[in-house]
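Shown next: work_31.cif, given as mmCIF, C-alpha atoms and all ligand atoms.
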```
data_coords
#
loop_
_atom_site.label_atom_id
_atom_site.label_comp_id
_atom_site.auth_asym_id
_atom_site.auth_seq_id
_atom_site.Cartn_x
_atom_site.Cartn_y
_atom_site.Cartn_z
CA MET A 262 -2.73 25.93 -14.83
CA THR A 263 -5.03 23.10 -13.77
CA LEU A 264 -5.64 20.75 -16.66
CA LEU A 265 -8.41 18.67 -15.18
CA LEU A 266 -11.04 21.26 -14.51
CA GLY A 267 -13.99 20.13 -12.45
CA ASN A 268 -11.98 17.34 -10.88
CA THR A 269 -10.78 18.43 -7.44
CA PRO A 270 -7.14 17.39 -7.21
CA ARG A 271 -6.31 15.54 -4.02
CA ARG A 272 -3.01 15.43 -2.23
CA LEU A 273 -1.03 12.29 -2.94
CA ARG A 274 0.47 10.56 0.09
CA LEU A 275 3.42 8.19 0.20
CA GLY A 276 3.23 5.22 2.54
CA VAL A 277 6.63 3.61 3.00
CA ASN A 278 6.46 -0.13 3.56
CA ILE A 279 9.29 -1.22 5.85
CA ASP A 280 8.71 -5.00 5.77
CA HIS A 281 12.02 -5.70 4.12
CA VAL A 282 14.07 -3.92 6.74
CA ALA A 283 12.70 -6.66 8.98
CA THR A 284 13.55 -9.27 6.32
CA VAL A 285 17.22 -8.25 6.51
CA ARG A 286 17.14 -8.17 10.30
CA ASN A 287 15.58 -11.63 10.47
CA ALA A 288 18.23 -13.07 8.16
CA ARG A 289 20.58 -12.88 11.14
CA GLY A 290 18.21 -12.71 14.09
CA GLY A 291 18.76 -10.00 16.68
CA ASP A 292 17.70 -6.37 16.39
CA TYR A 293 19.64 -4.94 13.45
CA PRO A 294 18.60 -3.23 11.21
CA ASP A 295 15.74 -1.80 13.23
CA PRO A 296 12.46 -1.29 11.31
CA VAL A 297 11.39 1.47 13.69
CA ARG A 298 14.58 3.41 12.98
CA SER A 299 13.92 3.06 9.24
CA ALA A 300 10.34 4.24 9.75
CA LYS A 301 11.50 7.35 11.64
CA LEU A 302 14.02 8.08 8.91
CA ALA A 303 11.34 7.66 6.24
CA GLU A 304 9.12 10.07 8.19
CA THR A 305 11.87 12.67 8.23
CA ALA A 306 12.42 12.20 4.49
CA GLY A 307 8.75 12.90 3.72
CA ALA A 308 6.79 9.68 4.14
CA ASP A 309 3.18 10.47 4.97
CA GLY A 310 2.61 7.09 6.54
CA ILE A 311 4.29 3.79 7.33
CA THR A 312 2.99 0.46 6.11
CA ALA A 313 3.83 -2.90 7.65
CA HIS A 314 2.47 -6.34 6.79
CA LEU A 315 2.15 -8.69 9.75
CA ARG A 316 2.14 -12.00 7.93
CA GLU A 317 0.73 -15.12 9.52
CA ASP A 318 4.17 -16.76 9.39
CA ARG A 319 5.90 -13.60 10.77
CA ARG A 320 8.56 -13.89 8.10
CA HIS A 321 9.43 -10.20 8.37
CA ILE A 322 7.41 -7.88 10.63
CA THR A 323 6.75 -9.28 14.09
CA ASP A 324 4.15 -8.55 16.76
CA ARG A 325 6.79 -6.62 18.68
CA ASP A 326 7.52 -4.45 15.62
CA ILE A 327 3.85 -3.49 15.42
CA ASP A 328 3.89 -2.66 19.10
CA LEU A 329 6.97 -0.45 18.73
CA LEU A 330 5.72 1.21 15.55
CA MET A 331 2.45 2.12 17.25
CA LYS A 332 4.37 3.64 20.15
CA ASN A 333 6.99 5.53 18.16
CA LEU A 334 5.52 6.74 14.89
CA SER A 335 4.46 10.33 14.36
CA VAL A 336 2.71 9.48 11.07
CA PRO A 337 -0.18 7.01 10.65
CA LEU A 338 0.45 3.26 10.53
CA ASN A 339 -1.23 1.22 7.81
CA LEU A 340 -1.34 -2.37 9.03
CA GLU A 341 -1.59 -4.92 6.24
CA MET A 342 -2.99 -8.27 7.28
CA ALA A 343 -5.02 -11.28 6.24
CA ALA A 344 -8.68 -11.55 7.22
CA THR A 345 -8.16 -14.03 10.06
CA GLY A 346 -9.37 -14.08 13.65
CA GLU A 347 -5.83 -13.81 15.00
CA MET A 348 -5.09 -10.69 12.93
CA LEU A 349 -8.41 -9.10 13.83
CA GLU A 350 -7.61 -9.48 17.49
CA ILE A 351 -4.18 -7.87 17.00
CA ALA A 352 -5.60 -4.98 14.97
CA LEU A 353 -8.31 -4.30 17.54
CA ARG A 354 -5.72 -4.25 20.30
CA HIS A 355 -3.56 -1.67 18.49
CA ARG A 356 -6.18 0.29 16.55
CA PRO A 357 -3.84 1.54 13.82
CA HIS A 358 -4.96 4.42 11.62
CA ALA A 359 -5.63 2.02 8.74
CA VAL A 360 -5.98 -1.70 8.15
CA CYS A 361 -5.45 -3.03 4.65
CA ILE A 362 -6.86 -6.51 4.17
CA VAL A 363 -4.73 -8.60 1.81
CA PRO A 364 -4.95 -12.18 0.60
CA GLU A 365 -2.25 -14.39 2.02
CA LYS A 366 -0.87 -17.74 0.98
CA ARG A 367 1.94 -19.22 3.02
CA GLU A 368 3.88 -20.43 -0.01
CA GLU A 369 3.89 -17.12 -1.89
CA ARG A 370 6.96 -14.89 -1.91
CA THR A 371 4.87 -11.74 -1.77
CA THR A 372 1.19 -10.84 -2.04
CA GLU A 373 0.50 -12.31 -5.46
CA GLY A 374 -2.99 -11.21 -6.37
CA GLY A 375 -5.76 -9.04 -5.07
CA LEU A 376 -8.29 -10.04 -2.45
CA ASP A 377 -11.45 -11.61 -3.86
CA VAL A 378 -13.88 -9.30 -2.09
CA ALA A 379 -16.69 -10.16 -4.51
CA GLY A 380 -16.32 -13.87 -3.80
CA ASP A 381 -16.22 -13.48 -0.01
CA GLU A 382 -18.48 -10.49 0.50
CA ASN A 383 -20.58 -11.67 3.44
CA ARG A 384 -17.65 -12.90 5.51
CA LEU A 385 -15.60 -9.76 4.78
CA ALA A 386 -18.54 -7.52 5.66
CA ARG A 387 -18.70 -9.17 9.09
CA PHE A 388 -14.91 -9.10 9.42
CA ILE A 389 -14.50 -5.36 8.87
CA GLY A 390 -17.40 -4.33 11.14
CA PRO A 391 -15.36 -4.34 14.39
CA LEU A 392 -12.42 -2.59 12.68
CA LYS A 393 -14.67 0.22 11.51
CA ASP A 394 -16.27 0.43 14.96
CA ALA A 395 -12.75 0.74 16.41
CA GLY A 396 -12.11 3.76 14.18
CA CYS A 397 -9.71 2.15 11.69
CA ARG A 398 -9.81 3.14 8.02
CA VAL A 399 -10.52 -0.14 6.27
CA SER A 400 -8.96 -0.89 2.94
CA PHE A 401 -9.08 -3.90 0.59
CA PHE A 402 -6.14 -4.71 -1.67
CA VAL A 403 -7.80 -5.62 -4.95
CA GLU A 404 -7.18 -6.13 -8.64
CA ALA A 405 -8.39 -3.24 -10.78
CA GLU A 406 -11.72 -4.95 -11.49
CA ARG A 407 -15.10 -3.28 -11.33
CA ARG A 408 -16.85 -6.09 -9.44
CA GLN A 409 -14.22 -6.00 -6.67
CA LEU A 410 -14.67 -2.27 -6.21
CA GLU A 411 -18.45 -2.57 -6.28
CA SER A 412 -18.31 -5.22 -3.55
CA ALA A 413 -15.87 -3.18 -1.45
CA ALA A 414 -18.16 -0.15 -1.63
CA ARG A 415 -21.27 -2.23 -0.94
CA ILE A 416 -19.90 -3.65 2.29
CA GLY A 417 -18.61 -0.30 3.50
CA ALA A 418 -14.84 -0.30 2.99
CA HIS A 419 -13.42 3.21 3.13
CA VAL A 420 -10.56 2.52 0.72
CA VAL A 421 -9.42 0.18 -2.02
CA GLU A 422 -5.75 -0.24 -2.83
CA LEU A 423 -5.37 -1.13 -6.50
CA HIS A 424 -2.80 -3.86 -7.17
CA ALA A 425 -0.12 -2.33 -9.39
CA GLY A 426 1.96 -5.51 -9.60
CA ALA A 427 0.86 -6.69 -13.05
CA TYR A 428 1.47 -3.21 -14.51
CA CYS A 429 4.96 -3.06 -12.96
CA ASP A 430 5.88 -6.62 -13.99
CA ALA A 431 4.83 -5.96 -17.59
CA HIS A 432 6.87 -2.74 -17.61
CA ASN A 433 9.95 -4.47 -16.18
CA GLU A 434 9.69 -7.30 -18.69
CA GLY A 435 9.22 -4.95 -21.66
CA ARG A 436 5.71 -6.24 -22.44
CA ILE A 437 4.46 -2.88 -23.61
CA ALA A 438 0.95 -3.87 -24.72
CA ASP A 439 0.35 -5.68 -21.41
CA ARG A 440 1.77 -2.75 -19.46
CA ASP A 441 -0.55 -0.32 -21.22
CA ARG A 442 -3.57 -2.58 -20.72
CA GLU A 443 -2.81 -2.98 -17.00
CA LEU A 444 -2.30 0.76 -16.61
CA ASP A 445 -5.57 1.47 -18.45
CA ALA A 446 -7.37 -0.79 -15.97
CA ILE A 447 -5.85 1.13 -13.04
CA VAL A 448 -6.79 4.45 -14.65
CA ALA A 449 -10.38 3.33 -15.26
CA MET A 450 -10.84 1.74 -11.84
CA ALA A 451 -9.33 4.69 -9.97
CA GLU A 452 -11.92 6.90 -11.60
CA PHE A 453 -14.74 4.42 -11.13
CA GLY A 454 -13.84 3.71 -7.49
CA ALA A 455 -13.76 7.40 -6.63
CA SER A 456 -17.11 7.87 -8.37
CA ILE A 457 -18.73 5.31 -6.03
CA GLY A 458 -17.23 6.92 -2.94
CA LEU A 459 -14.09 4.88 -2.35
CA GLU A 460 -10.75 6.43 -1.45
CA ILE A 461 -8.23 5.12 -3.95
CA HIS A 462 -4.74 3.89 -3.12
CA ALA A 463 -2.33 1.90 -5.26
CA GLY A 464 0.72 -0.19 -4.61
CA HIS A 465 2.92 -3.21 -5.21
CA GLY A 466 6.02 -3.27 -7.34
CA LEU A 467 6.28 0.51 -7.88
CA THR A 468 9.72 1.93 -8.68
CA PHE A 469 11.20 5.21 -9.90
CA ASP A 470 10.43 3.98 -13.44
CA THR A 471 6.81 3.00 -12.90
CA VAL A 472 5.52 5.45 -10.31
CA LYS A 473 4.70 8.51 -12.39
CA PRO A 474 1.77 7.27 -14.52
CA VAL A 475 0.05 6.04 -11.35
CA ALA A 476 0.96 9.10 -9.29
CA ALA A 477 -0.49 11.30 -12.03
CA LEU A 478 -4.01 9.92 -11.57
CA PRO A 479 -6.09 12.61 -9.84
CA ASP A 480 -8.23 10.12 -7.92
CA VAL A 481 -5.29 8.25 -6.39
CA GLN A 482 -4.64 9.54 -2.88
CA GLU A 483 -1.93 7.22 -1.60
CA LEU A 484 0.83 5.00 -2.92
CA ASN A 485 2.32 2.26 -0.75
CA ILE A 486 5.84 1.37 -1.77
CA GLY A 487 8.32 -0.91 -0.07
CA HIS A 488 10.59 -3.43 -1.73
CA PHE A 489 12.11 -1.06 -4.27
CA LEU A 490 12.71 1.71 -1.73
CA ILE A 491 14.42 -0.58 0.75
CA GLY A 492 16.47 -2.26 -1.99
CA GLU A 493 17.52 1.01 -3.55
CA ALA A 494 18.41 2.37 -0.11
CA ILE A 495 21.36 -0.05 -0.16
CA PHE A 496 22.86 2.06 -2.93
CA SER A 497 21.66 5.57 -2.14
CA GLY A 498 20.46 5.60 1.45
CA LEU A 499 16.85 5.56 2.62
CA ASP A 500 16.60 9.31 3.10
CA SER A 501 17.63 10.09 -0.47
CA VAL A 502 15.46 7.32 -1.96
CA VAL A 503 12.31 8.41 -0.13
CA ARG A 504 12.94 12.04 -1.08
CA ARG A 505 13.39 11.10 -4.74
CA MET A 506 10.23 9.00 -4.80
CA ARG A 507 8.28 11.84 -3.20
CA ALA A 508 9.71 14.29 -5.76
CA LEU A 509 8.73 12.04 -8.69
CA MET A 510 5.21 11.68 -7.29
CA GLN A 511 4.96 15.43 -6.95
CA GLU A 512 6.33 15.98 -10.45
CA ALA A 513 3.75 13.59 -11.91
CA ARG A 514 1.00 15.32 -9.99
CA SER A 515 2.08 18.81 -11.06
CA GLU A 516 2.45 17.76 -14.71
CA THR A 517 -1.15 16.54 -14.90
CA LEU A 518 -2.91 18.64 -12.32
CA GLY A 519 -1.03 21.89 -12.39
CA GLU A 520 1.54 23.69 -10.35
CA GLY A 521 1.37 23.59 -6.62
CA VAL A 522 -0.55 20.33 -6.39
CA ALA A 523 1.26 17.61 -4.50
N1 LIG A 601 0.55 -2.69 -0.89
C1 LIG A 601 0.22 -3.93 -0.47
C2 LIG A 601 -1.20 -4.20 -0.14
C3 LIG A 601 1.21 -4.93 -0.32
O1 LIG A 601 0.85 -6.15 0.10
C4 LIG A 601 2.55 -4.59 -0.58
C5 LIG A 601 3.62 -5.61 -0.36
O2 LIG A 601 3.64 -5.96 0.98
C6 LIG A 601 2.84 -3.29 -1.00
C7 LIG A 601 1.82 -2.36 -1.18
C8 LIG A 601 4.24 -2.85 -1.28
O3 LIG A 601 4.70 -3.53 -2.38
P1 LIG A 601 6.23 -3.42 -2.77
O4 LIG A 601 6.99 -3.93 -1.59
O5 LIG A 601 6.36 -4.28 -3.98
O6 LIG A 601 6.51 -1.98 -3.03
#
```
So that I can check it, write out the structure of this file as structure tokens.
Ligand code: PXP
Amino acid sequence: MTLLLGNTPRRLRLGVNIDHVATVRNARGGDYPDPVRSAKLAETAGADGITAHLREDRRHITDRDIDLLMKNLSVPLNLEMAATGEMLEIALRHRPHAVCIVPEKREERTTEGGLDVAGDENRLARFIGPLKDAGCRVSFFVEAERRQLESAARIGAHVVELHAGAYCDAHNEGRIADRDRELDAIVAMAEFGASIGLEIHAGHGLTFDTVKPVAALPDVQELNIGHFLIGEAIFSGLDSVVRRMRALMQEARSETLGEGVA
């Protein structure tokens, strides 16, 4: 039985972020472990897409990795990158299925906050023009804030990826009220974003413990998950970890939207 009548359930995709396979490889130099091999394995285990973040400092994924991923993947590549001239040139050369624009600070350990689309609207509008012309799906990684989504829609982004990091951190640290508030914001902004024509993705920090409430949201169409999957693969293997994440996503979807909806 479908519980949310009138709301067309959409399939939920899993994008597996393989950055940290490259982190481990780079710890020693050389070619092992190979991010492309991990991407192919994730594909076989049910990943709907592969995500890779080409950082300005190339601390994990390299230009060559992007090249090889483009040549070898059977599923779409979502290239995460900062809004710089260098990255634009690389993206236009490869024309990946999707480009997710993220904020980037050299000193951060990971992407710490969302992109301030509202505060940089004119520049970002010009920046994404050539990407859209090249046929890439353009996404902005943003906090679950109305003004960011309004800006993204106004300048013609196809997608927003809602930053799930604060929700996951609060969950992991047992800050229940904060966790619930952060989740409420994601719930509200997923619905609002879809209502103004944006495709809704979510990601950052998701684990087996935090994925289901986000996966259950009918307007969310894609989750991008990396660090936990690669870390957990040390214990259980990448194939089993990707399959379990996919199963949890599907379970969450079926519980809220009804049987048969993945
Ligand atoms: N989505 C975006 C935009 C990101 O920047 C990242 C981290 O690179 C992720 C998703 C994946 O986050 P995590 O590695 O914490 O699962």
### Query
With all atoms listed in the file as the basis for distance, which of A:Leu490, A:Val399, A:Ile416, A:Ala477 is at the shortest distance from ligand LIG 601 (chain A)?
A:Leu490
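When only C-alpha atoms are used to measure the gap to Thr345 in chain A, the shortest distance among A:Val282, A:Ala308, A:Leu385, A:Ala313 belongs to A:Leu385.
Of note, CA of Ala438 in chain A and CA of His488 in chain A are spaced 24.9 Å apart.
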### Task
Return as a PyMOL selection string the residues of protein, DNA or RNA that approach ligand LIG 601 (chain A) to within 10 Å, with only C-alpha atoms and all ligand atoms taken into account.
chain A and resi 276-281+312-316+339-343+360-365+370-376+400-403+421-426+429+462-468+484-492
### Task
Kindly indicate which residue among A:Arg504, A:Arg514, A:His419, A:Arg325 lies nearest to Leu459 in chain A, using only C-alpha atoms for the distances.
A:His419
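Take the candidates A:Leu444, A:Val481, A:Ala300, A:Val420 and check each one against Leu273 in chain A using all atoms listed in the file; the shortest distance goes to A:Val481.
Residues of protein, DNA and RNA with at least one atom no farther than 10 Å from (-8.8, 8.0, -15.2) are, using only C-alpha atoms, A:Leu444, A:Asp445, A:Ala446, A:Ile447, A:Val448, A:Ala449, A:Met450, A:Ala451, A:Glu452, A:Phe453, A:Ala455, A:Val475, A:Ala477, A:Leu478, A:Pro479, A:Asp480, A:Val481.
Residues in contact range of Ala431 in chain A, defined as at most 10 Å between all atoms listed in the file, with sequence neighbours fewer than 5 positions away removed, read A:Gly426, A:Arg436, A:Ile437, A:Ala438, A:Asp439, A:Arg440, A:Asp441, A:Arg442, A:Glu443, A:Leu444.
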Export of the given selection (C-alpha atoms) as a short mmCIF file (atom, residue, chain, number, x, y, z; two decimals), keeping the file's coordinate frame:
```
data_model
loop_
_atom_site.label_atom_id
_atom_site.label_comp_id
_atom_site.auth_asym_id
_atom_site.auth_seq_id
_atom_site.Cartn_x
_atom_site.Cartn_y
_atom_site.Cartn_z
CA GLY A 426 1.96 -5.51 -9.60
CA ARG A 436 5.71 -6.24 -22.44
CA ILE A 437 4.46 -2.88 -23.61
CA ALA A 438 0.95 -3.87 -24.72
CA ASP A 439 0.35 -5.68 -21.41
CA ARG A 440 1.77 -2.75 -19.46
CA ASP A 441 -0.55 -0.32 -21.22
CA ARG A 442 -3.57 -2.58 -20.72
CA GLU A 443 -2.81 -2.98 -17.00
CA LEU A 444 -2.30 0.76 -16.61
#
```
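You will find CA of Pro296 in chain A at 11.1 Å from CA of Asn333 in chain A.
If you look at CA of Glu411 in chain A and CA of Gln482 in chain A, they are 18.7 Å away from each other.
Using only C-alpha atoms, the shortest contact distance between Asp326 in chain A and any of A:Asp295, A:Asp430, A:Glu382, A:Glu512 is found at A:Asp295.
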### Task
Kindly extract all protein, DNA and RNA residues lying within 10 Å of the coordinates (5.9, 9.7, 15.5) given in the file, considering all atoms listed in the file, and supply them as a ChimeraX atom specification.
/A:300-301,304-305,310,330-338
### Query
From the list A:Leu275, A:Val297, A:Ile457, A:Ala476, which residue is nearest Ala513 in chain A when using only C-alpha atoms?
A:Ala476
